[in-house]
file final.cif (mmCIF, C-alpha atoms)
data_coords
loop_
_atom_site.label_atom_id
_atom_site.label_comp_id
_atom_site.auth_asym_id
_atom_site.auth_seq_id
_atom_site.Cartn_x
_atom_site.Cartn_y
_atom_site.Cartn_z
CA MET J 123 0.00 0.00 0.00
CA SER J 124 1.26 3.50 -0.79
CA PRO J 125 2.08 6.27 1.66
CA SER J 126 -0.56 8.63 3.05
CA HIS J 127 -0.25 12.38 3.38
CA LEU J 128 -2.01 15.05 5.43
CA LEU J 129 -1.62 18.72 6.29
CA ALA J 130 -1.65 19.75 9.92
CA LEU J 131 -1.01 22.25 12.65
CA ARG J 132 1.43 21.17 15.36
CA PRO J 133 1.24 22.12 19.03
CA PRO J 134 4.21 23.80 20.72
CA PRO J 135 6.90 21.64 22.37
CA ASP J 136 5.40 21.82 25.88
CA ILE J 137 1.99 20.52 24.79
CA GLU J 138 3.57 18.00 22.42
CA ALA J 139 5.68 16.65 25.31
CA ARG J 140 2.56 16.22 27.47
CA VAL J 141 0.79 14.29 24.70
CA VAL J 142 3.82 12.09 24.03
CA ALA J 143 4.24 11.40 27.78
CA PHE J 144 0.56 10.43 28.05
CA ARG J 145 0.85 8.07 25.09
CA GLU J 146 4.03 6.48 26.44
CA ALA J 147 2.55 6.06 29.93
CA HIS J 148 -0.35 4.11 28.40
CA GLY J 149 1.66 2.09 25.88
CA VAL J 150 0.05 3.78 22.87
CA ARG J 151 1.74 3.22 19.51
CA ASP J 152 -0.26 4.21 16.45
CA ALA J 153 -0.35 6.52 13.43
CA ALA J 154 -0.89 9.60 15.64
CA ALA J 155 2.57 9.32 17.26
CA VAL J 156 3.45 12.92 16.38
CA PRO J 157 0.81 15.21 17.92
CA HIS J 158 -1.02 17.29 15.34
CA VAL J 159 -4.35 18.82 14.35
CA THR J 160 -5.27 17.72 10.83
CA VAL J 161 -6.49 20.58 8.62
CA LYS J 162 -6.48 18.54 5.39
CA ALA J 163 -6.95 14.77 5.46
CA ARG J 164 -5.44 12.44 2.88
CA SER J 165 -8.21 12.67 0.26
CA GLY J 166 -6.72 14.26 -2.85
CA LEU J 167 -3.20 14.29 -1.43
CA ASP J 168 -1.82 11.81 -3.94
CA ASP J 169 1.69 10.41 -4.24
CA ASP J 170 2.33 12.47 -7.39
CA LEU J 171 2.75 15.41 -4.96
CA ARG J 172 1.50 17.97 -7.50
CA TRP J 173 -0.77 19.31 -4.77
CA LEU J 174 2.33 20.44 -2.86
CA GLU J 175 2.82 23.31 -5.31
CA LEU J 176 -0.42 24.92 -4.08
CA VAL J 177 0.20 24.64 -0.34
CA PRO J 178 2.75 27.47 0.19
CA ALA J 179 0.35 30.09 -1.20
CA VAL J 180 -2.46 28.93 1.11
CA ALA J 181 -0.08 29.04 4.09
CA ALA J 182 1.14 32.50 3.14
CA ALA J 183 -2.43 33.81 2.85
CA THR J 184 -3.43 32.40 6.26
CA PRO J 185 -2.58 34.27 9.45
CA PRO J 186 -1.26 32.29 12.45
CA VAL J 187 -4.06 30.16 13.88
CA PRO J 188 -5.18 30.42 17.53
CA VAL J 189 -6.08 26.97 18.88
CA GLU J 190 -7.89 26.02 22.08
CA LEU J 191 -7.79 22.37 23.18
CA LEU J 192 -10.90 21.37 25.13
CA ALA J 193 -11.70 18.52 27.55
CA PRO J 194 -10.90 15.03 26.23
CA ARG J 195 -13.60 13.03 24.46
CA VAL J 196 -14.04 9.72 22.66
CA PHE J 197 -15.69 9.64 19.24
CA PRO J 198 -19.09 7.88 19.52
CA ASN J 199 -17.85 4.94 17.43
CA GLY J 200 -14.83 4.52 19.74
CA SER J 201 -12.36 5.21 16.92
CA ALA J 202 -10.26 7.67 18.92
CA LEU J 203 -9.68 9.46 22.20
CA TYR J 204 -9.00 13.10 21.37
CA LEU J 205 -8.82 16.69 22.51
CA PRO J 206 -11.48 18.71 20.66
CA VAL J 207 -10.16 21.88 19.05
CA ARG J 208 -11.98 25.19 19.15
CA SER J 209 -10.46 27.21 16.35
CA PRO J 210 -12.39 29.09 13.69
CA GLY J 211 -9.00 29.78 12.07
CA ALA J 212 -8.27 26.05 11.70
CA VAL J 213 -11.63 25.54 9.99
CA ARG J 214 -10.99 28.54 7.69
CA LEU J 215 -7.57 27.07 6.80
CA HIS J 216 -9.19 23.70 6.11
CA LEU J 217 -11.76 25.31 3.78
CA ALA J 218 -9.03 27.33 2.04
CA LEU J 219 -7.05 24.13 1.44
CA LEU J 220 -10.12 22.38 0.00
CA ASP J 221 -10.73 25.37 -2.27
CA ALA J 222 -7.12 25.48 -3.49
CA LEU J 223 -6.51 21.74 -3.83
CA ARG J 224 -9.96 20.81 -5.17
CA PRO J 225 -9.68 17.08 -4.36
CA ALA J 226 -11.61 14.84 -6.75
CA ARG J 227 -13.30 13.27 -3.73
CA ARG J 228 -13.60 14.32 -0.11
CA PHE J 229 -14.28 12.47 3.09
CA GLY J 230 -17.73 13.09 4.57
CA TYR J 231 -16.24 14.91 7.55
CA GLU J 232 -14.34 17.39 5.35
CA GLY J 233 -15.78 20.81 4.63
CA PRO J 234 -17.85 22.87 7.06
CA PRO J 235 -18.70 19.85 9.31
CA LEU J 236 -14.99 19.31 10.10
CA THR J 237 -14.36 18.46 13.78
CA PRO J 238 -10.78 19.63 14.36
CA HIS J 239 -9.09 17.58 17.06
CA LEU J 240 -5.78 16.37 18.41
CA THR J 241 -5.80 12.57 18.65
CA LEU J 242 -4.41 11.12 21.88
CA THR J 243 -4.92 7.50 20.83
CA LEU J 244 -6.69 5.60 18.09
CA GLY J 245 -9.21 3.06 19.35
CA ARG J 246 -8.40 -0.64 19.33
CA ARG J 247 -10.35 -3.63 20.56
CA ASP J 248 -7.90 -4.29 23.38
CA MET J 249 -8.12 -0.74 24.79
CA ASN J 250 -10.22 0.36 27.72
CA MET J 251 -11.30 3.72 26.31
CA ASP J 252 -13.22 4.63 29.49
CA ALA J 253 -10.08 4.26 31.61
CA LEU J 254 -8.01 6.17 29.06
CA LEU J 255 -10.62 8.92 28.97
CA ASP J 256 -10.45 9.25 32.76
CA ALA J 257 -6.65 9.40 32.62
CA ALA J 258 -6.78 12.00 29.82
CA ARG J 259 -9.16 14.17 31.86
CA GLN J 260 -6.54 14.24 34.61
CA ALA J 261 -3.64 14.87 32.22
CA PHE J 262 -5.27 17.55 30.05
CA PRO J 263 -7.50 19.86 32.07
CA PRO J 264 -8.86 22.51 29.72
CA PRO J 265 -8.23 24.89 28.35
CA LEU J 266 -4.84 24.50 26.71
CA THR J 267 -4.13 27.18 24.14
CA PHE J 268 -1.50 27.95 21.55
CA THR J 269 -1.09 29.74 18.27
CA ALA J 270 0.00 27.61 15.31
CA THR J 271 2.51 29.45 13.14
CA GLU J 272 3.22 26.75 10.52
CA LEU J 273 1.32 24.46 8.19
CA VAL J 274 2.99 21.04 8.21
CA TRP J 275 3.01 18.29 5.57
CA MET J 276 2.98 14.90 7.31
CA ARG J 277 3.55 11.53 5.66
CA LYS J 278 2.80 7.96 6.78
CA PRO J 279 4.85 5.35 4.90
CA GLY J 280 2.07 2.75 4.86
CA PRO J 281 -0.09 0.54 7.10
CA GLY J 282 1.22 0.31 10.64
CA GLY J 283 3.35 3.41 10.20
CA ALA J 284 3.04 6.77 11.90
CA TYR J 285 2.59 10.20 10.38
CA ARG J 286 5.85 12.17 10.53
CA PRO J 287 6.55 15.79 9.55
CA VAL J 288 8.20 16.24 6.16
CA GLN J 289 8.05 19.97 5.44
CA SER J 290 6.46 23.10 6.85
CA TRP J 291 5.45 26.55 5.65
CA PRO J 292 5.06 29.62 7.85
CA LEU J 293 1.55 30.96 8.18
CA GLY J 294 0.92 34.53 7.11
CA GLU J 295 4.23 35.21 5.36
#
call {"tool": "encode", "arguments": {"input": "final.cif", "output": "structure tokens"}}
result
Amino acid sequence: MSPSHLLALRPPPDIEARVVAFREAHGVRDAAAVPHVTVKARSGLDDDLRWLELVPAVAAATPPVPVELLAPRVFPNGSALYLPVRSPGAVRLHLALLDALRPARRFGYEGPPLTPHLTLTLGRRDMNMDALLDAARQAFPPPLTFTATELVWMRKPGPGGAYRPVQSWPLGE
């Protein structure tokens, strides 16, 4: 299977360290190893990388993005434990990326219904999500805030891999 790509906002080192420490303390190893808030999922981000030519202009036209991380939640289907993101700027960036990249197909959660979030752990059958949610509530009392200053291209090499940063562009420059 081919690599996957996404575009994201990254938290500052102090928040990233807290997320990484939480994941390590609970033995979490999954594709969300590098903390990030996805602003463009993999749909339309093909391996030909032609879409990369359009990203710097969107980043340059977007001011730095204020982000507020809220109390931990679990998606209703149990697919992930996450910190919800309150950030009109992240949603505007997402919509600007959709407009510029014009993917041939989009995921149902892309567009205005986007739920920006920072994944703490992806759900698995062997995980006790209720216990992890309780632990996350202790580890991440809201609100946590930061201002994202870069748009980051992240790449996952294939199944079982983790998304890792490849390149970034400053916002608003």
call {"tool": "resolve_selection", "arguments": {"input": "final.cif", "expression": "the PyMOL selection byres ((chain J and resi 234) around 8)", "output": "number ranges by chain"}}
result
J: 213, 217, 232-233, 235-236
call {"tool": "residues_around", "arguments": {"input": "final.cif", "residues": "Leu174 (chain J)", "least_positions_apart": "2", "cutoff": "12 Å", "atoms": "only C-alpha atoms", "output": "PDB file with C-alpha atoms, keeping the file's coordinate frame"}}
result
ATOM      1  CA  HIS J 127      -0.250  12.380   3.380  1.00  0.00           C
ATOM      2  CA  LEU J 128      -2.010  15.050   5.430  1.00  0.00           C
ATOM      3  CA  LEU J 129      -1.620  18.720   6.290  1.00  0.00           C
ATOM      4  CA  GLY J 166      -6.720  14.260  -2.850  1.00  0.00           C
ATOM      5  CA  LEU J 167      -3.200  14.290  -1.430  1.00  0.00           C
ATOM      6  CA  ASP J 168      -1.820  11.810  -3.940  1.00  0.00           C
ATOM      7  CA  ASP J 169       1.690  10.410  -4.240  1.00  0.00           C
ATOM      8  CA  ASP J 170       2.330  12.470  -7.390  1.00  0.00           C
ATOM      9  CA  LEU J 171       2.750  15.410  -4.960  1.00  0.00           C
ATOM     10  CA  ARG J 172       1.500  17.970  -7.500  1.00  0.00           C
ATOM     11  CA  LEU J 176      -0.420  24.920  -4.080  1.00  0.00           C
ATOM     12  CA  VAL J 177       0.200  24.640  -0.340  1.00  0.00           C
ATOM     13  CA  PRO J 178       2.750  27.470   0.190  1.00  0.00           C
ATOM     14  CA  ALA J 179       0.350  30.090  -1.200  1.00  0.00           C
ATOM     15  CA  VAL J 180      -2.460  28.930   1.110  1.00  0.00           C
ATOM     16  CA  ALA J 181      -0.080  29.040   4.090  1.00  0.00           C
ATOM     17  CA  LEU J 219      -7.050  24.130   1.440  1.00  0.00           C
ATOM     18  CA  ALA J 222      -7.120  25.480  -3.490  1.00  0.00           C
ATOM     19  CA  LEU J 223      -6.510  21.740  -3.830  1.00  0.00           C
ATOM     20  CA  LEU J 273       1.320  24.460   8.190  1.00  0.00           C
ATOM     21  CA  VAL J 274       2.990  21.040   8.210  1.00  0.00           C
ATOM     22  CA  TRP J 275       3.010  18.290   5.570  1.00  0.00           C
ATOM     23  CA  MET J 276       2.980  14.900   7.310  1.00  0.00           C
ATOM     24  CA  VAL J 288       8.200  16.240   6.160  1.00  0.00           C
ATOM     25  CA  GLN J 289       8.050  19.970   5.440  1.00  0.00           C
ATOM     26  CA  SER J 290       6.460  23.100   6.850  1.00  0.00           C
ATOM     27  CA  TRP J 291       5.450  26.550   5.650  1.00  0.00           C
TER      28      TRP J 291
END
call {"tool": "resolve_selection", "arguments": {"input": "final.cif", "expression": "the PyMOL selection byres ((chain J and resi 126) around 10)", "output": "MDAnalysis selection string"}}
result
chainID J and resid 123:125 127:128 163:165 167:169 276:281 283:285
call {"tool": "closest_residue", "arguments": {"input": "final.cif", "among": "J:Pro194, J:Pro134, J:Pro185, J:Gly245", "to": "Gln260 (chain J)", "atoms": "only C-alpha atoms"}}
result
J:Pro194
call {"tool": "residues_around", "arguments": {"input": "final.cif", "residues": "Pro133 (chain J)", "least_positions_apart": "6", "cutoff": "12 Å", "atoms": "all atoms listed in the file", "output": "VMD selection string"}}
result
chain J and resid 139 to 142 156 to 160 187 to 191 205 207 239 to 241 266 to 274
call {"tool": "residues_around", "arguments": {"input": "final.cif", "residues": "Ser201 (chain J)", "least_positions_apart": "5", "cutoff": "9 Å", "atoms": "only C-alpha atoms", "output": "PDB file with C-alpha atoms, keeping the file's coordinate frame"}}
result
ATOM      1  CA  VAL J 196     -14.040   9.720  22.660  1.00  0.00           C
ATOM      2  CA  THR J 243      -4.920   7.500  20.830  1.00  0.00           C
ATOM      3  CA  LEU J 244      -6.690   5.600  18.090  1.00  0.00           C
ATOM      4  CA  GLY J 245      -9.210   3.060  19.350  1.00  0.00           C
ATOM      5  CA  ARG J 246      -8.400  -0.640  19.330  1.00  0.00           C
TER       6      ARG J 246
END
call {"tool": "residues_around", "arguments": {"input": "final.cif", "residues": "Leu215 (chain J)", "least_positions_apart": "3", "cutoff": "7 Å", "atoms": "only C-alpha atoms", "output": "mmCIF file with C-alpha atoms, keeping the file's coordinate frame"}}
result
data_model
loop_
_atom_site.group_PDB
_atom_site.id
_atom_site.type_symbol
_atom_site.label_atom_id
_atom_site.label_comp_id
_atom_site.auth_asym_id
_atom_site.auth_seq_id
_atom_site.Cartn_x
_atom_site.Cartn_y
_atom_site.Cartn_z
ATOM 1 C CA VAL J 161 -6.490 20.580 8.620
ATOM 2 C CA THR J 184 -3.430 32.400 6.260
ATOM 3 C CA GLY J 211 -9.000 29.780 12.070
ATOM 4 C CA ALA J 212 -8.270 26.050 11.700
ATOM 5 C CA ALA J 218 -9.030 27.330 2.040
ATOM 6 C CA LEU J 219 -7.050 24.130 1.440
#
call {"tool": "closest_residue", "arguments": {"input": "final.cif", "among": "J:Met251, J:Ala202, J:Leu293, J:Ala257", "to": "Asp152 (chain J)", "atoms": "only C-alpha atoms"}}
result
J:Ala202
call {"tool": "atom_distance", "arguments": {"input": "final.cif", "atom1": "CA of Leu242 (chain J)", "atom2": "CA of Tyr204 (chain J)"}}
result
5.0 Å
call {"tool": "axis_aligned_box", "arguments": {"input": "final.cif", "around": "region 258-270 of chain J", "padding_each_side": "4 Å", "output": "lines of an AutoDock Vina configuration file"}}
result
center_x = -4.6
center_y = 20.9
center_z = 25.0
size_x = 17.2
size_y = 25.7
size_z = 27.3
call {"tool": "atom_distance", "arguments": {"input": "final.cif", "atom1": "CA of Asp256 (chain J)", "atom2": "CA of Pro210 (chain J)"}}
result
27.6 Å
call {"tool": "decode", "arguments": {"input": "final.cif", "residues": "region 208-224 of chain J", "atoms": "all heavy atoms", "output": "PDB file, in the first residue's frame"}}
result
ATOM      1  N   ARG J 208     -11.153  24.027  19.487  1.00  0.00           N
ATOM      2  CA  ARG J 208     -11.984  25.188  19.151  1.00  0.00           C
ATOM      3  C   ARG J 208     -11.063  26.160  18.430  1.00  0.00           C
ATOM      4  O   ARG J 208     -10.123  26.690  19.027  1.00  0.00           O
ATOM      5  CB  ARG J 208     -12.555  25.835  20.399  1.00  0.00           C
ATOM      6  CG  ARG J 208     -13.461  27.030  20.050  1.00  0.00           C
ATOM      7  CD  ARG J 208     -14.035  27.714  21.269  1.00  0.00           C
ATOM      8  NE  ARG J 208     -14.761  26.762  22.096  1.00  0.00           N
ATOM      9  CZ  ARG J 208     -14.901  26.881  23.413  1.00  0.00           C
ATOM     10  NH1 ARG J 208     -14.370  27.893  24.056  1.00  0.00           N
ATOM     11  NH2 ARG J 208     -15.576  25.979  24.090  1.00  0.00           N
ATOM     12  N   SER J 209     -11.317  26.336  17.139  1.00  0.00           N
ATOM     13  CA  SER J 209     -10.463  27.211  16.347  1.00  0.00           C
ATOM     14  C   SER J 209     -11.127  27.556  15.021  1.00  0.00           C
ATOM     15  O   SER J 209     -10.987  26.815  14.044  1.00  0.00           O
ATOM     16  CB  SER J 209      -9.110  26.542  16.078  1.00  0.00           C
ATOM     17  OG  SER J 209      -8.324  27.346  15.233  1.00  0.00           O
ATOM     18  N   PRO J 210     -11.831  28.669  14.980  1.00  0.00           N
ATOM     19  CA  PRO J 210     -12.394  29.088  13.690  1.00  0.00           C
ATOM     20  C   PRO J 210     -11.298  29.233  12.623  1.00  0.00           C
ATOM     21  O   PRO J 210     -11.529  28.945  11.452  1.00  0.00           O
ATOM     22  CB  PRO J 210     -13.054  30.428  14.001  1.00  0.00           C
ATOM     23  CG  PRO J 210     -13.378  30.360  15.459  1.00  0.00           C
ATOM     24  CD  PRO J 210     -12.242  29.561  16.066  1.00  0.00           C
ATOM     25  N   GLY J 211     -10.095  29.632  13.028  1.00  0.00           N
ATOM     26  CA  GLY J 211      -8.998  29.780  12.074  1.00  0.00           C
ATOM     27  C   GLY J 211      -8.584  28.454  11.455  1.00  0.00           C
ATOM     28  O   GLY J 211      -8.250  28.395  10.269  1.00  0.00           O
ATOM     29  N   ALA J 212      -8.609  27.379  12.238  1.00  0.00           N
ATOM     30  CA  ALA J 212      -8.266  26.055  11.695  1.00  0.00           C
ATOM     31  C   ALA J 212      -9.305  25.621  10.667  1.00  0.00           C
ATOM     32  O   ALA J 212      -8.959  25.039   9.633  1.00  0.00           O
ATOM     33  CB  ALA J 212      -8.150  25.026  12.816  1.00  0.00           C
ATOM     34  N   VAL J 213     -10.573  25.896  10.943  1.00  0.00           N
ATOM     35  CA  VAL J 213     -11.626  25.541   9.991  1.00  0.00           C
ATOM     36  C   VAL J 213     -11.483  26.382   8.721  1.00  0.00           C
ATOM     37  O   VAL J 213     -11.591  25.863   7.604  1.00  0.00           O
ATOM     38  CB  VAL J 213     -13.026  25.690  10.620  1.00  0.00           C
ATOM     39  CG1 VAL J 213     -14.122  25.437   9.588  1.00  0.00           C
ATOM     40  CG2 VAL J 213     -13.181  24.731  11.801  1.00  0.00           C
ATOM     41  N   ARG J 214     -11.194  27.692   8.879  1.00  0.00           N
ATOM     42  CA  ARG J 214     -10.991  28.539   7.691  1.00  0.00           C
ATOM     43  C   ARG J 214      -9.808  28.033   6.861  1.00  0.00           C
ATOM     44  O   ARG J 214      -9.865  27.993   5.627  1.00  0.00           O
ATOM     45  CB  ARG J 214     -10.766  29.997   8.101  1.00  0.00           C
ATOM     46  CG  ARG J 214     -12.042  30.725   8.447  1.00  0.00           C
ATOM     47  CD  ARG J 214     -11.839  32.227   8.577  1.00  0.00           C
ATOM     48  NE  ARG J 214     -10.911  32.592   9.634  1.00  0.00           N
ATOM     49  CZ  ARG J 214     -11.247  32.760  10.910  1.00  0.00           C
ATOM     50  NH1 ARG J 214     -12.503  32.607  11.290  1.00  0.00           N
ATOM     51  NH2 ARG J 214     -10.328  33.095  11.794  1.00  0.00           N
ATOM     52  N   LEU J 215      -8.726  27.620   7.515  1.00  0.00           N
ATOM     53  CA  LEU J 215      -7.567  27.074   6.803  1.00  0.00           C
ATOM     54  C   LEU J 215      -7.962  25.795   6.069  1.00  0.00           C
ATOM     55  O   LEU J 215      -7.605  25.594   4.905  1.00  0.00           O
ATOM     56  CB  LEU J 215      -6.415  26.823   7.765  1.00  0.00           C
ATOM     57  CG  LEU J 215      -5.175  26.139   7.208  1.00  0.00           C
ATOM     58  CD1 LEU J 215      -4.606  26.870   6.001  1.00  0.00           C
ATOM     59  CD2 LEU J 215      -4.122  25.989   8.304  1.00  0.00           C
ATOM     60  N   HIS J 216      -8.715  24.936   6.727  1.00  0.00           N
ATOM     61  CA  HIS J 216      -9.194  23.699   6.109  1.00  0.00           C
ATOM     62  C   HIS J 216      -9.998  24.008   4.840  1.00  0.00           C
ATOM     63  O   HIS J 216      -9.754  23.417   3.777  1.00  0.00           O
ATOM     64  CB  HIS J 216     -10.053  22.931   7.112  1.00  0.00           C
ATOM     65  CG  HIS J 216     -10.831  21.813   6.532  1.00  0.00           C
ATOM     66  ND1 HIS J 216     -10.257  20.651   6.077  1.00  0.00           N
ATOM     67  CD2 HIS J 216     -12.168  21.680   6.312  1.00  0.00           C
ATOM     68  CE1 HIS J 216     -11.199  19.844   5.608  1.00  0.00           C
ATOM     69  NE2 HIS J 216     -12.361  20.451   5.738  1.00  0.00           N
ATOM     70  N   LEU J 217     -10.926  24.953   4.939  1.00  0.00           N
ATOM     71  CA  LEU J 217     -11.757  25.306   3.781  1.00  0.00           C
ATOM     72  C   LEU J 217     -10.918  25.931   2.671  1.00  0.00           C
ATOM     73  O   LEU J 217     -11.148  25.667   1.488  1.00  0.00           O
ATOM     74  CB  LEU J 217     -12.892  26.231   4.207  1.00  0.00           C
ATOM     75  CG  LEU J 217     -13.926  25.598   5.160  1.00  0.00           C
ATOM     76  CD1 LEU J 217     -14.909  26.643   5.655  1.00  0.00           C
ATOM     77  CD2 LEU J 217     -14.626  24.416   4.517  1.00  0.00           C
ATOM     78  N   ALA J 218      -9.923  26.738   3.043  1.00  0.00           N
ATOM     79  CA  ALA J 218      -9.031  27.333   2.038  1.00  0.00           C
ATOM     80  C   ALA J 218      -8.229  26.249   1.323  1.00  0.00           C
ATOM     81  O   ALA J 218      -8.007  26.321   0.104  1.00  0.00           O
ATOM     82  CB  ALA J 218      -8.097  28.350   2.688  1.00  0.00           C
ATOM     83  N   LEU J 219      -7.787  25.234   2.055  1.00  0.00           N
ATOM     84  CA  LEU J 219      -7.047  24.127   1.438  1.00  0.00           C
ATOM     85  C   LEU J 219      -7.953  23.342   0.485  1.00  0.00           C
ATOM     86  O   LEU J 219      -7.534  22.977  -0.621  1.00  0.00           O
ATOM     87  CB  LEU J 219      -6.444  23.212   2.504  1.00  0.00           C
ATOM     88  CG  LEU J 219      -5.251  23.799   3.248  1.00  0.00           C
ATOM     89  CD1 LEU J 219      -4.960  23.010   4.518  1.00  0.00           C
ATOM     90  CD2 LEU J 219      -4.023  23.845   2.340  1.00  0.00           C
ATOM     91  N   LEU J 220      -9.192  23.081   0.899  1.00  0.00           N
ATOM     92  CA  LEU J 220     -10.123  22.383   0.003  1.00  0.00           C
ATOM     93  C   LEU J 220     -10.339  23.191  -1.272  1.00  0.00           C
ATOM     94  O   LEU J 220     -10.355  22.636  -2.367  1.00  0.00           O
ATOM     95  CB  LEU J 220     -11.470  22.145   0.696  1.00  0.00           C
ATOM     96  CG  LEU J 220     -11.515  21.069   1.765  1.00  0.00           C
ATOM     97  CD1 LEU J 220     -12.919  21.021   2.380  1.00  0.00           C
ATOM     98  CD2 LEU J 220     -11.128  19.709   1.222  1.00  0.00           C
ATOM     99  N   ASP J 221     -10.500  24.500  -1.117  1.00  0.00           N
ATOM    100  CA  ASP J 221     -10.735  25.366  -2.269  1.00  0.00           C
ATOM    101  C   ASP J 221      -9.531  25.374  -3.213  1.00  0.00           C
ATOM    102  O   ASP J 221      -9.680  25.308  -4.427  1.00  0.00           O
ATOM    103  CB  ASP J 221     -11.055  26.780  -1.789  1.00  0.00           C
ATOM    104  CG  ASP J 221     -11.482  27.682  -2.927  1.00  0.00           C
ATOM    105  OD1 ASP J 221     -12.374  27.290  -3.698  1.00  0.00           O
ATOM    106  OD2 ASP J 221     -10.914  28.778  -3.055  1.00  0.00           O
ATOM    107  N   ALA J 222      -8.328  25.430  -2.662  1.00  0.00           N
ATOM    108  CA  ALA J 222      -7.119  25.484  -3.490  1.00  0.00           C
ATOM    109  C   ALA J 222      -6.788  24.141  -4.122  1.00  0.00           C
ATOM    110  O   ALA J 222      -6.403  24.073  -5.290  1.00  0.00           O
ATOM    111  CB  ALA J 222      -5.933  25.959  -2.646  1.00  0.00           C
ATOM    112  N   LEU J 223      -6.920  23.070  -3.356  1.00  0.00           N
ATOM    113  CA  LEU J 223      -6.505  21.744  -3.830  1.00  0.00           C
ATOM    114  C   LEU J 223      -7.580  21.048  -4.658  1.00  0.00           C
ATOM    115  O   LEU J 223      -7.262  20.171  -5.461  1.00  0.00           O
ATOM    116  CB  LEU J 223      -6.098  20.861  -2.648  1.00  0.00           C
ATOM    117  CG  LEU J 223      -4.966  21.412  -1.768  1.00  0.00           C
ATOM    118  CD1 LEU J 223      -4.722  20.498  -0.584  1.00  0.00           C
ATOM    119  CD2 LEU J 223      -3.691  21.612  -2.570  1.00  0.00           C
ATOM    120  N   ARG J 224      -8.833  21.385  -4.434  1.00  0.00           N
ATOM    121  CA  ARG J 224      -9.955  20.807  -5.170  1.00  0.00           C
ATOM    122  C   ARG J 224      -9.830  19.288  -5.348  1.00  0.00           C
ATOM    123  O   ARG J 224      -9.760  18.783  -6.484  1.00  0.00           O
ATOM    124  CB  ARG J 224     -10.117  21.471  -6.526  1.00  0.00           C
ATOM    125  CG  ARG J 224     -10.361  22.955  -6.437  1.00  0.00           C
ATOM    126  CD  ARG J 224     -10.856  23.519  -7.751  1.00  0.00           C
ATOM    127  NE  ARG J 224     -11.022  24.948  -7.668  1.00  0.00           N
ATOM    128  CZ  ARG J 224     -12.065  25.568  -7.100  1.00  0.00           C
ATOM    129  NH1 ARG J 224     -12.997  24.876  -6.548  1.00  0.00           N
ATOM    130  NH2 ARG J 224     -12.115  26.892  -7.088  1.00  0.00           N
TER     131      ARG J 224
END
